[in-house]
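Heads up, work_19.pdb below (PDB, C-alpha atoms, pLDDT in the B column):
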ATOM      1  CA  MET A   1      82.095  -9.867  51.688  1.00 72.00           C
ATOM      2  CA  ARG A   2      80.541  -7.594  54.266  1.00 83.00           C
ATOM      3  CA  ALA A   3      76.728  -7.574  54.648  1.00 90.00           C
ATOM      4  CA  GLN A   4      74.927  -4.889  52.659  1.00 91.00           C
ATOM      5  CA  PRO A   5      74.140  -1.573  54.354  1.00 95.00           C
ATOM      6  CA  ALA A   6      71.070  -1.606  56.594  1.00 93.00           C
ATOM      7  CA  ASN A   7      69.183   1.585  55.660  1.00 96.00           C
ATOM      8  CA  ARG A   8      66.978   2.110  52.610  1.00 96.00           C
ATOM      9  CA  ILE A   9      65.933   5.373  51.057  1.00 96.00           C
ATOM     10  CA  SER A  10      62.294   6.461  51.374  1.00 96.00           C
ATOM     11  CA  LYS A  11      59.607   4.534  49.474  1.00 96.00           C
ATOM     12  CA  LYS A  12      58.463   7.943  48.189  1.00 97.00           C
ATOM     13  CA  GLY A  13      61.715   8.024  46.200  1.00 96.00           C
ATOM     14  CA  LEU A  14      60.211   5.341  43.980  1.00 96.00           C
ATOM     15  CA  LYS A  15      57.291   7.678  43.197  1.00 97.00           C
ATOM     16  CA  VAL A  16      59.680  10.538  42.437  1.00 97.00           C
ATOM     17  CA  TRP A  17      61.802   8.434  40.076  1.00 97.00           C
ATOM     18  CA  ARG A  18      58.634   7.223  38.338  1.00 98.00           C
ATOM     19  CA  LEU A  19      57.503  10.817  37.924  1.00 98.00           C
ATOM     20  CA  TYR A  20      60.898  11.652  36.379  1.00 97.00           C
ATOM     21  CA  GLY A  21      60.369   8.685  34.040  1.00 98.00           C
ATOM     22  CA  TRP A  22      56.956  10.032  32.988  1.00 98.00           C
ATOM     23  CA  ILE A  23      58.462  13.451  32.291  1.00 98.00           C
ATOM     24  CA  GLN A  24      61.182  11.866  30.138  1.00 98.00           C
ATOM     25  CA  THR A  25      58.566   9.752  28.337  1.00 98.00           C
ATOM     26  CA  ILE A  26      56.451  12.826  27.562  1.00 98.00           C
ATOM     27  CA  ILE A  27      59.508  14.572  26.121  1.00 98.00           C
ATOM     28  CA  LEU A  28      60.276  11.521  23.974  1.00 97.00           C
ATOM     29  CA  ALA A  29      56.610  11.398  22.863  1.00 97.00           C
ATOM     30  CA  LEU A  30      56.847  15.013  21.705  1.00 98.00           C
ATOM     31  CA  VAL A  31      59.992  14.146  19.742  1.00 97.00           C
ATOM     32  CA  ALA A  32      58.186  11.126  18.242  1.00 96.00           C
ATOM     33  CA  ILE A  33      55.252  13.335  17.226  1.00 96.00           C
ATOM     34  CA  GLY A  34      57.699  15.688  15.536  1.00 96.00           C
ATOM     35  CA  GLY A  35      59.238  12.709  13.764  1.00 93.00           C
ATOM     36  CA  GLY A  36      55.764  11.584  12.698  1.00 93.00           C
ATOM     37  CA  VAL A  37      55.079  15.007  11.222  1.00 95.00           C
ATOM     38  CA  LEU A  38      58.338  14.782   9.245  1.00 94.00           C
ATOM     39  CA  VAL A  39      57.351  11.317   8.002  1.00 93.00           C
ATOM     40  CA  TYR A  40      54.023  12.722   6.816  1.00 93.00           C
ATOM     41  CA  ILE A  41      55.506  15.873   5.217  1.00 94.00           C
ATOM     42  CA  PHE A  42      58.308  14.111   3.361  1.00 93.00           C
ATOM     43  CA  GLU A  43      56.171  11.037   2.576  1.00 93.00           C
ATOM     44  CA  TRP A  44      58.634   8.612   4.109  1.00 92.00           C
ATOM     45  CA  PRO A  45      57.633   4.939   4.619  1.00 95.00           C
ATOM     46  CA  TRP A  46      54.604   4.310   6.862  1.00 93.00           C
ATOM     47  CA  TRP A  47      56.407   1.620   8.924  1.00 95.00           C
ATOM     48  CA  ILE A  48      58.262   4.355  10.794  1.00 94.00           C
ATOM     49  CA  TYR A  49      55.065   5.071  12.806  1.00 95.00           C
ATOM     50  CA  PRO A  50      54.847   1.632  14.473  1.00 95.00           C
ATOM     51  CA  ILE A  51      58.590   1.675  15.174  1.00 96.00           C
ATOM     52  CA  GLU A  52      58.204   5.036  16.940  1.00 96.00           C
ATOM     53  CA  ALA A  53      55.266   3.661  18.944  1.00 97.00           C
ATOM     54  CA  ILE A  54      57.150   0.520  19.989  1.00 97.00           C
ATOM     55  CA  VAL A  55      60.212   2.530  21.028  1.00 97.00           C
ATOM     56  CA  LEU A  56      58.013   4.904  23.046  1.00 97.00           C
ATOM     57  CA  VAL A  57      56.180   2.055  24.850  1.00 98.00           C
ATOM     58  CA  LEU A  58      59.436   0.249  25.662  1.00 98.00           C
ATOM     59  CA  PHE A  59      61.039   3.481  26.875  1.00 98.00           C
ATOM     60  CA  ALA A  60      58.032   4.176  29.132  1.00 98.00           C
ATOM     61  CA  TYR A  61      58.102   0.650  30.559  1.00 98.00           C
ATOM     62  CA  PHE A  62      61.796   0.783  31.374  1.00 98.00           C
ATOM     63  CA  MET A  63      61.953   4.390  32.644  1.00 98.00           C
ATOM     64  CA  VAL A  64      58.670   4.420  34.584  1.00 98.00           C
ATOM     65  CA  PHE A  65      58.276   0.894  35.929  1.00 97.00           C
ATOM     66  CA  LEU A  66      61.366  -1.306  35.733  1.00 97.00           C
ATOM     67  CA  PHE A  67      64.407   0.939  36.322  1.00 97.00           C
ATOM     68  CA  PRO A  68      62.979   2.946  39.271  1.00 97.00           C
ATOM     69  CA  LYS A  69      61.950  -0.262  41.075  1.00 97.00           C
ATOM     70  CA  VAL A  70      65.356  -1.928  40.618  1.00 97.00           C
ATOM     71  CA  ARG A  71      67.141   1.313  41.536  1.00 96.00           C
ATOM     72  CA  TRP A  72      65.056   1.667  44.720  1.00 97.00           C
ATOM     73  CA  LEU A  73      65.638  -1.961  45.716  1.00 96.00           C
ATOM     74  CA  ARG A  74      69.419  -1.603  45.330  1.00 96.00           C
ATOM     75  CA  TRP A  75      69.874   1.794  47.038  1.00 97.00           C
ATOM     76  CA  ARG A  76      71.125   1.334  50.609  1.00 97.00           C
ATOM     77  CA  TYR A  77      73.303   3.321  52.968  1.00 97.00           C
ATOM     78  CA  GLU A  78      74.719   3.123  56.448  1.00 97.00           C
ATOM     79  CA  VAL A  79      76.501   5.717  58.573  1.00 96.00           C
ATOM     80  CA  ARG A  80      78.996   4.311  61.058  1.00 95.00           C
ATOM     81  CA  GLU A  81      81.345   6.114  63.424  1.00 93.00           C
ATOM     82  CA  SER A  82      84.362   5.793  61.128  1.00 93.00           C
ATOM     83  CA  GLU A  83      82.783   5.488  57.652  1.00 95.00           C
ATOM     84  CA  ILE A  84      79.752   5.905  55.432  1.00 97.00           C
ATOM     85  CA  GLU A  85      78.800   2.982  53.214  1.00 97.00           C
ATOM     86  CA  LEU A  86      76.719   3.451  50.072  1.00 97.00           C
ATOM     87  CA  GLN A  87      75.304   0.777  47.772  1.00 97.00           C
ATOM     88  CA  HIS A  88      73.559   1.616  44.508  1.00 97.00           C
ATOM     89  CA  GLY A  89      73.312   0.660  40.887  1.00 95.00           C
ATOM     90  CA  LEU A  90      71.008  -0.580  38.197  1.00 93.00           C
ATOM     91  CA  PHE A  91      72.890  -3.283  36.298  1.00 92.00           C
ATOM     92  CA  ILE A  92      76.139  -3.108  38.251  1.00 95.00           C
ATOM     93  CA  VAL A  93      75.843  -2.728  42.013  1.00 94.00           C
ATOM     94  CA  LYS A  94      78.472  -0.312  43.317  1.00 96.00           C
ATOM     95  CA  ARG A  95      79.474  -0.232  46.986  1.00 96.00           C
ATOM     96  CA  THR A  96      81.418   2.754  48.280  1.00 96.00           C
ATOM     97  CA  LEU A  97      83.082   3.343  51.661  1.00 95.00           C
ATOM     98  CA  ILE A  98      83.717   6.970  52.585  1.00 96.00           C
ATOM     99  CA  PRO A  99      86.051   7.385  55.583  1.00 95.00           C
ATOM    100  CA  MET A 100      84.804  10.030  58.023  1.00 94.00           C
ATOM    101  CA  VAL A 101      88.236  11.668  58.051  1.00 93.00           C
ATOM    102  CA  ARG A 102      87.790  12.431  54.325  1.00 94.00           C
ATOM    103  CA  VAL A 103      84.413  14.173  54.688  1.00 94.00           C
ATOM    104  CA  GLN A 104      84.807  17.918  54.142  1.00 93.00           C
ATOM    105  CA  HIS A 105      81.177  19.039  54.270  1.00 92.00           C
ATOM    106  CA  VAL A 106      77.628  17.728  54.028  1.00 96.00           C
ATOM    107  CA  ASP A 107      74.726  19.447  52.243  1.00 96.00           C
ATOM    108  CA  THR A 108      71.047  18.762  51.828  1.00 96.00           C
ATOM    109  CA  SER A 109      69.167  19.867  48.724  1.00 97.00           C
ATOM    110  CA  GLN A 110      65.610  19.762  47.524  1.00 96.00           C
ATOM    111  CA  GLY A 111      64.127  20.519  44.119  1.00 95.00           C
ATOM    112  CA  PRO A 112      60.452  21.237  43.466  1.00 97.00           C
ATOM    113  CA  ILE A 113      59.495  17.592  42.933  1.00 96.00           C
ATOM    114  CA  LEU A 114      61.360  16.410  46.025  1.00 97.00           C
ATOM    115  CA  ARG A 115      59.782  19.249  48.004  1.00 97.00           C
ATOM    116  CA  LYS A 116      56.284  18.138  46.913  1.00 97.00           C
ATOM    117  CA  TYR A 117      56.964  14.675  48.363  1.00 97.00           C
ATOM    118  CA  LYS A 118      58.741  16.108  51.452  1.00 97.00           C
ATOM    119  CA  LEU A 119      62.048  14.520  50.452  1.00 98.00           C
ATOM    120  CA  ALA A 120      65.630  15.770  50.281  1.00 98.00           C
ATOM    121  CA  GLU A 121      68.982  14.459  49.162  1.00 97.00           C
ATOM    122  CA  ILE A 122      72.260  14.576  51.040  1.00 97.00           C
ATOM    123  CA  SER A 123      75.558  15.410  49.304  1.00 97.00           C
ATOM    124  CA  ILE A 124      78.720  14.278  51.069  1.00 97.00           C
ATOM    125  CA  SER A 125      81.806  16.097  49.769  1.00 96.00           C
ATOM    126  CA  THR A 126      85.324  14.768  50.019  1.00 94.00           C
ATOM    127  CA  ALA A 127      88.454  16.244  48.455  1.00 90.00           C
ATOM    128  CA  ALA A 128      88.012  14.140  45.314  1.00 89.00           C
ATOM    129  CA  THR A 129      84.272  13.543  44.821  1.00 95.00           C
ATOM    130  CA  VAL A 130      80.735  14.250  45.914  1.00 97.00           C
ATOM    131  CA  HIS A 131      78.566  11.316  46.980  1.00 97.00           C
ATOM    132  CA  THR A 132      74.792  11.647  47.121  1.00 97.00           C
ATOM    133  CA  ILE A 133      72.118   9.818  49.099  1.00 97.00           C
ATOM    134  CA  PRO A 134      68.838  10.539  47.277  1.00 97.00           C
ATOM    135  CA  ALA A 135      65.214  10.553  48.409  1.00 96.00           C
ATOM    136  CA  LEU A 136      65.388  10.777  52.189  1.00 97.00           C
ATOM    137  CA  VAL A 137      62.522  12.151  54.257  1.00 97.00           C
ATOM    138  CA  VAL A 138      63.405  15.776  55.109  1.00 97.00           C
ATOM    139  CA  GLU A 139      63.633  15.183  58.870  1.00 97.00           C
ATOM    140  CA  GLU A 140      65.813  12.102  58.353  1.00 96.00           C
ATOM    141  CA  ALA A 141      68.047  14.010  55.923  1.00 97.00           C
ATOM    142  CA  ASP A 142      68.516  16.873  58.396  1.00 96.00           C
ATOM    143  CA  GLU A 143      69.273  14.467  61.254  1.00 97.00           C
ATOM    144  CA  LEU A 144      71.695  12.477  59.095  1.00 97.00           C
ATOM    145  CA  ARG A 145      73.466  15.634  57.887  1.00 96.00           C
ATOM    146  CA  GLY A 146      73.997  16.726  61.492  1.00 95.00           C
ATOM    147  CA  ARG A 147      75.174  13.276  62.576  1.00 96.00           C
ATOM    148  CA  ILE A 148      77.679  12.980  59.704  1.00 95.00           C
ATOM    149  CA  SER A 149      78.938  16.493  60.440  1.00 93.00           C
ATOM    150  CA  VAL A 150      79.549  15.646  64.103  1.00 93.00           C
ATOM    151  CA  LEU A 151      81.199  12.303  63.280  1.00 92.00           C
ATOM    152  CA  ALA A 152      83.429  13.952  60.661  1.00 90.00           C
ATOM    153  CA  ARG A 153      84.510  16.581  63.172  1.00 87.00           C
ATOM    154  CA  VAL A 154      85.281  13.908  65.805  1.00 81.00           C
ATOM    155  CA  ALA A 155      87.210  11.836  63.242  1.00 71.00           C
ATOM    156  CA  GLU A 156      89.185  14.944  62.243  1.00 69.00           C
ATOM    157  CA  ASP A 157      90.008  15.717  65.896  1.00 73.00           C
ATOM    158  CA  ASP A 158      91.342  12.157  66.401  1.00 72.00           C
ATOM    159  CA  VAL A 159      93.870  12.519  63.570  1.00 62.00           C
TER     160      VAL A 159
END
Could I get this file's structure written as C-alpha cells?
Amino acid sequence: MRAQPANRISKKGLKVWRLYGWIQTIILALVAIGGGVLVYIFEWPWWIYPIEAIVLVLFAYFMVFLFPKVRWLRWRYEVRESEIELQHGLFIVKRTLIPMVRVQHVDTSQGPILRKYKLAEISISTAATVHTIPALVVEEADELRGRISVLARVAEDDV
C-alpha cells in the first residue's frame, strides 16, 4: 500500500471541530432540560434524570474531545501533478484518489466560525462527486485552489 498523504489540515481545525461539538452538546443539553421538565410535569420515574446526565456527559466527551482529535489525526491530503489524494475517517479510514483530468472546478468556502479562526475549506468538484478538504489556513487554501486549477487545466490539455 502506498504511504499516506504528506499534508495535514491546520491544527486550528481541531479547535473548530471542538467548538462544533460544544454547540451540539448545548443543543442536546437544552433537549435534556426539556425532557427533565416533562419528567417533572408527568411525574415519571426519577431515574430518568441520571440517565439524561450520563448521556449528556458521554456525548460531550465523544463530540468535544475524542472524535475531533481522531478526525484531525486521520485527515491528510496531497496534491500531485496527476492526482489529488485524500485520507480521512473516524472509525474507517477512507483514502480517495481524484485524477486531475476529472476535476471540473475548485471552490473555497468559509462560514462564520471558520472565518473567526482564519480558515477555509476547499471543494473539488468532479462530474460525479464533490470532495472537500476542511480547515486549511486561508492563504494555503487560496494557493492550493489556484494550484489545483492550473494542474487540472494542464491535465485537460494533455488529453
Which residue of A:Glu140, A:Arg147, A:Gln4, A:Gly35 approaches Leu97 in chain A most closely, using only C-alpha atoms: A:Gln4
Who sits within 10 Å of Arg74 in chain A, only C-alpha atoms, same chain under 3 positions skipped, as a list of chain:residue names: A:Gln4, A:Arg8, A:Ile9, A:Pro68, A:Lys69, A:Val70, A:Arg71, A:Tyr77, A:Gln87, A:His88, A:Gly89, A:Leu90, A:Phe91, A:Ile92, A:Val93, A:Lys94
Quick one: write out the picked residues with C-alpha atoms as a compact mmCIF listing (two decimals), keeping the file's coordinate frame?
# COMPACT_ATOMS: atom_id res chain seq x y z
CA GLN A 4 74.93 -4.89 52.66
CA ARG A 8 66.98 2.11 52.61
CA ILE A 9 65.93 5.37 51.06
CA PRO A 68 62.98 2.95 39.27
CA LYS A 69 61.95 -0.26 41.08
CA VAL A 70 65.36 -1.93 40.62
CA ARG A 71 67.14 1.31 41.54
CA TYR A 77 73.30 3.32 52.97
CA GLN A 87 75.30 0.78 47.77
CA HIS A 88 73.56 1.62 44.51
CA GLY A 89 73.31 0.66 40.89
CA LEU A 90 71.01 -0.58 38.20
CA PHE A 91 72.89 -3.28 36.30
CA ILE A 92 76.14 -3.11 38.25
CA VAL A 93 75.84 -2.73 42.01
CA LYS A 94 78.47 -0.31 43.32
Evaluate the PyMOL selection byres ((chain A and resi 22-26) around 9) here and jot the selected residues down as a VMD selection string. chain A and resid 17 to 21 27 to 31 56 to 57 59 to 60 63 to 64
Using only C-alpha atoms for the distances, tell me which of A:Ser109, A:Gln104, A:Thr132, A:Thr126 is nearest to Ser149 in chain A.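 Checking each candidate against Ser149 in chain A, we get A:Gln104 as the closest.
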Would you please work out which residue, of A:Val106, A:Leu73, A:Ala3, A:Val37, is nearest to Val150 in chain A when using all atoms listed in the file?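 Once distances to Val150 in chain A are computed over all atoms listed in the file, the minimum belongs to A:Val106.
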Got a sec: who's within 7 Å of Ile133 in chain A, counting all atoms listed in the file, leaving out chain neighbours fewer than 6 positions off, as a list in words? Glu121, Ile122 and Ser123 of chain A
Interatomic distance between CA of Ile113 in chain A and CA of Thr96 in chain A?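 Separation of CA of Ile113 in chain A and CA of Thr96 in chain A: 27.0 Å.
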When you count all atoms listed in the file, which of these residues is closest to Gly146 in chain A: A:Pro99, A:Glu85, A:Val79, A:Leu119? A:Val79
With N, CA and C atoms as the target, complete range 98-134 of chain A and hand it back as an mmCIF file, in the frame of the given file.
data_model
loop_
_atom_site.group_PDB
_atom_site.id
_atom_site.type_symbol
_atom_site.label_atom_id
_atom_site.label_comp_id
_atom_site.auth_asym_id
_atom_site.auth_seq_id
_atom_site.Cartn_x
_atom_site.Cartn_y
_atom_site.Cartn_z
ATOM 1 N N ILE A 98 83.170 5.623 52.450
ATOM 2 C CA ILE A 98 83.717 6.970 52.585
ATOM 3 C C ILE A 98 84.223 7.111 54.019
ATOM 4 N N PRO A 99 85.531 7.196 54.223
ATOM 5 C CA PRO A 99 86.051 7.385 55.583
ATOM 6 C C PRO A 99 85.620 8.750 56.139
ATOM 7 N N MET A 100 85.251 8.773 57.399
ATOM 8 C CA MET A 100 84.804 10.030 58.023
ATOM 9 C C MET A 100 85.897 11.097 57.994
ATOM 10 N N VAL A 101 87.152 10.679 58.061
ATOM 11 C CA VAL A 101 88.236 11.668 58.051
ATOM 12 C C VAL A 101 88.336 12.379 56.709
ATOM 13 N N ARG A 102 87.752 11.826 55.661
ATOM 14 C CA ARG A 102 87.790 12.431 54.325
ATOM 15 C C ARG A 102 86.621 13.384 54.062
ATOM 16 N N VAL A 103 85.597 13.342 54.902
ATOM 17 C CA VAL A 103 84.413 14.173 54.688
ATOM 18 C C VAL A 103 84.753 15.628 54.972
ATOM 19 N N GLN A 104 84.525 16.497 53.975
ATOM 20 C CA GLN A 104 84.807 17.918 54.142
ATOM 21 C C GLN A 104 83.554 18.693 54.542
ATOM 22 N N HIS A 105 82.442 18.432 53.856
ATOM 23 C CA HIS A 105 81.177 19.039 54.270
ATOM 24 C C HIS A 105 80.008 18.229 53.740
ATOM 25 N N VAL A 106 78.845 18.475 54.349
ATOM 26 C CA VAL A 106 77.628 17.728 54.028
ATOM 27 C C VAL A 106 76.520 18.735 53.748
ATOM 28 N N ASP A 107 75.823 18.551 52.626
ATOM 29 C CA ASP A 107 74.726 19.447 52.243
ATOM 30 C C ASP A 107 73.445 18.654 52.058
ATOM 31 N N THR A 108 72.326 19.330 52.246
ATOM 32 C CA THR A 108 71.047 18.762 51.828
ATOM 33 C C THR A 108 70.489 19.674 50.744
ATOM 34 N N SER A 109 69.801 19.072 49.778
ATOM 35 C CA SER A 109 69.167 19.867 48.724
ATOM 36 C C SER A 109 67.815 19.270 48.392
ATOM 37 N N GLN A 110 66.994 20.130 47.768
ATOM 38 C CA GLN A 110 65.610 19.762 47.524
ATOM 39 C C GLN A 110 65.101 20.553 46.334
ATOM 40 N N GLY A 111 64.739 19.860 45.262
ATOM 41 C CA GLY A 111 64.127 20.519 44.119
ATOM 42 C C GLY A 111 62.623 20.570 44.294
ATOM 43 N N PRO A 112 61.905 21.109 43.315
ATOM 44 C CA PRO A 112 60.452 21.237 43.466
ATOM 45 C C PRO A 112 59.719 19.902 43.582
ATOM 46 N N ILE A 113 60.183 18.888 42.856
ATOM 47 C CA ILE A 113 59.495 17.592 42.933
ATOM 48 C C ILE A 113 59.788 16.922 44.271
ATOM 49 N N LEU A 114 61.035 16.966 44.714
ATOM 50 C CA LEU A 114 61.360 16.410 46.025
ATOM 51 C C LEU A 114 60.608 17.151 47.127
ATOM 52 N N ARG A 115 60.492 18.459 47.005
ATOM 53 C CA ARG A 115 59.782 19.249 48.004
ATOM 54 C C ARG A 115 58.313 18.829 48.095
ATOM 55 N N LYS A 116 57.691 18.562 46.940
ATOM 56 C CA LYS A 116 56.284 18.138 46.913
ATOM 57 C C LYS A 116 56.087 16.851 47.722
ATOM 58 N N TYR A 117 57.055 15.951 47.645
ATOM 59 C CA TYR A 117 56.964 14.675 48.363
ATOM 60 C C TYR A 117 57.645 14.722 49.727
ATOM 61 N N LYS A 118 58.063 15.910 50.165
ATOM 62 C CA LYS A 118 58.741 16.108 51.452
ATOM 63 C C LYS A 118 59.990 15.235 51.574
ATOM 64 N N LEU A 119 60.795 15.269 50.496
ATOM 65 C CA LEU A 119 62.048 14.520 50.452
ATOM 66 C C LEU A 119 63.214 15.479 50.229
ATOM 67 N N ALA A 120 64.402 15.005 50.530
ATOM 68 C CA ALA A 120 65.630 15.770 50.281
ATOM 69 C C ALA A 120 66.733 14.785 49.958
ATOM 70 N N GLU A 121 67.822 15.300 49.399
ATOM 71 C CA GLU A 121 68.982 14.459 49.162
ATOM 72 C C GLU A 121 70.174 15.047 49.900
ATOM 73 N N ILE A 122 71.059 14.163 50.316
ATOM 74 C CA ILE A 122 72.260 14.576 51.040
ATOM 75 C C ILE A 122 73.456 14.442 50.104
ATOM 76 N N SER A 123 74.302 15.456 50.068
ATOM 77 C CA SER A 123 75.558 15.410 49.304
ATOM 78 C C SER A 123 76.711 15.424 50.295
ATOM 79 N N ILE A 124 77.562 14.413 50.186
ATOM 80 C CA ILE A 124 78.720 14.278 51.069
ATOM 81 C C ILE A 124 79.955 14.580 50.230
ATOM 82 N N SER A 125 80.647 15.672 50.561
ATOM 83 C CA SER A 125 81.806 16.097 49.769
ATOM 84 C C SER A 125 83.096 15.662 50.430
ATOM 85 N N THR A 126 83.966 15.068 49.597
ATOM 86 C CA THR A 126 85.324 14.768 50.019
ATOM 87 C C THR A 126 86.244 15.596 49.114
ATOM 88 N N ALA A 127 87.530 15.463 49.284
ATOM 89 C CA ALA A 127 88.454 16.244 48.455
ATOM 90 C C ALA A 127 88.323 15.870 46.980
ATOM 91 N N ALA A 128 88.028 14.613 46.697
ATOM 92 C CA ALA A 128 88.012 14.140 45.314
ATOM 93 C C ALA A 128 86.630 14.121 44.672
ATOM 94 N N THR A 129 85.594 13.765 45.426
ATOM 95 C CA THR A 129 84.272 13.543 44.821
ATOM 96 C C THR A 129 83.148 14.041 45.713
ATOM 97 N N VAL A 130 81.958 13.978 45.155
ATOM 98 C CA VAL A 130 80.735 14.250 45.914
ATOM 99 C C VAL A 130 79.854 13.015 45.804
ATOM 100 N N HIS A 131 79.449 12.484 46.928
ATOM 101 C CA HIS A 131 78.566 11.316 46.980
ATOM 102 C C HIS A 131 77.186 11.792 47.416
ATOM 103 N N THR A 132 76.155 11.203 46.835
ATOM 104 C CA THR A 132 74.792 11.647 47.121
ATOM 105 C C THR A 132 73.952 10.484 47.633
ATOM 106 N N ILE A 133 73.148 10.754 48.641
ATOM 107 C CA ILE A 133 72.118 9.818 49.099
ATOM 108 C C ILE A 133 70.787 10.464 48.722
ATOM 109 N N PRO A 134 70.069 9.907 47.759
ATOM 110 C CA PRO A 134 68.838 10.539 47.277
ATOM 111 C C PRO A 134 67.616 10.133 48.103
#
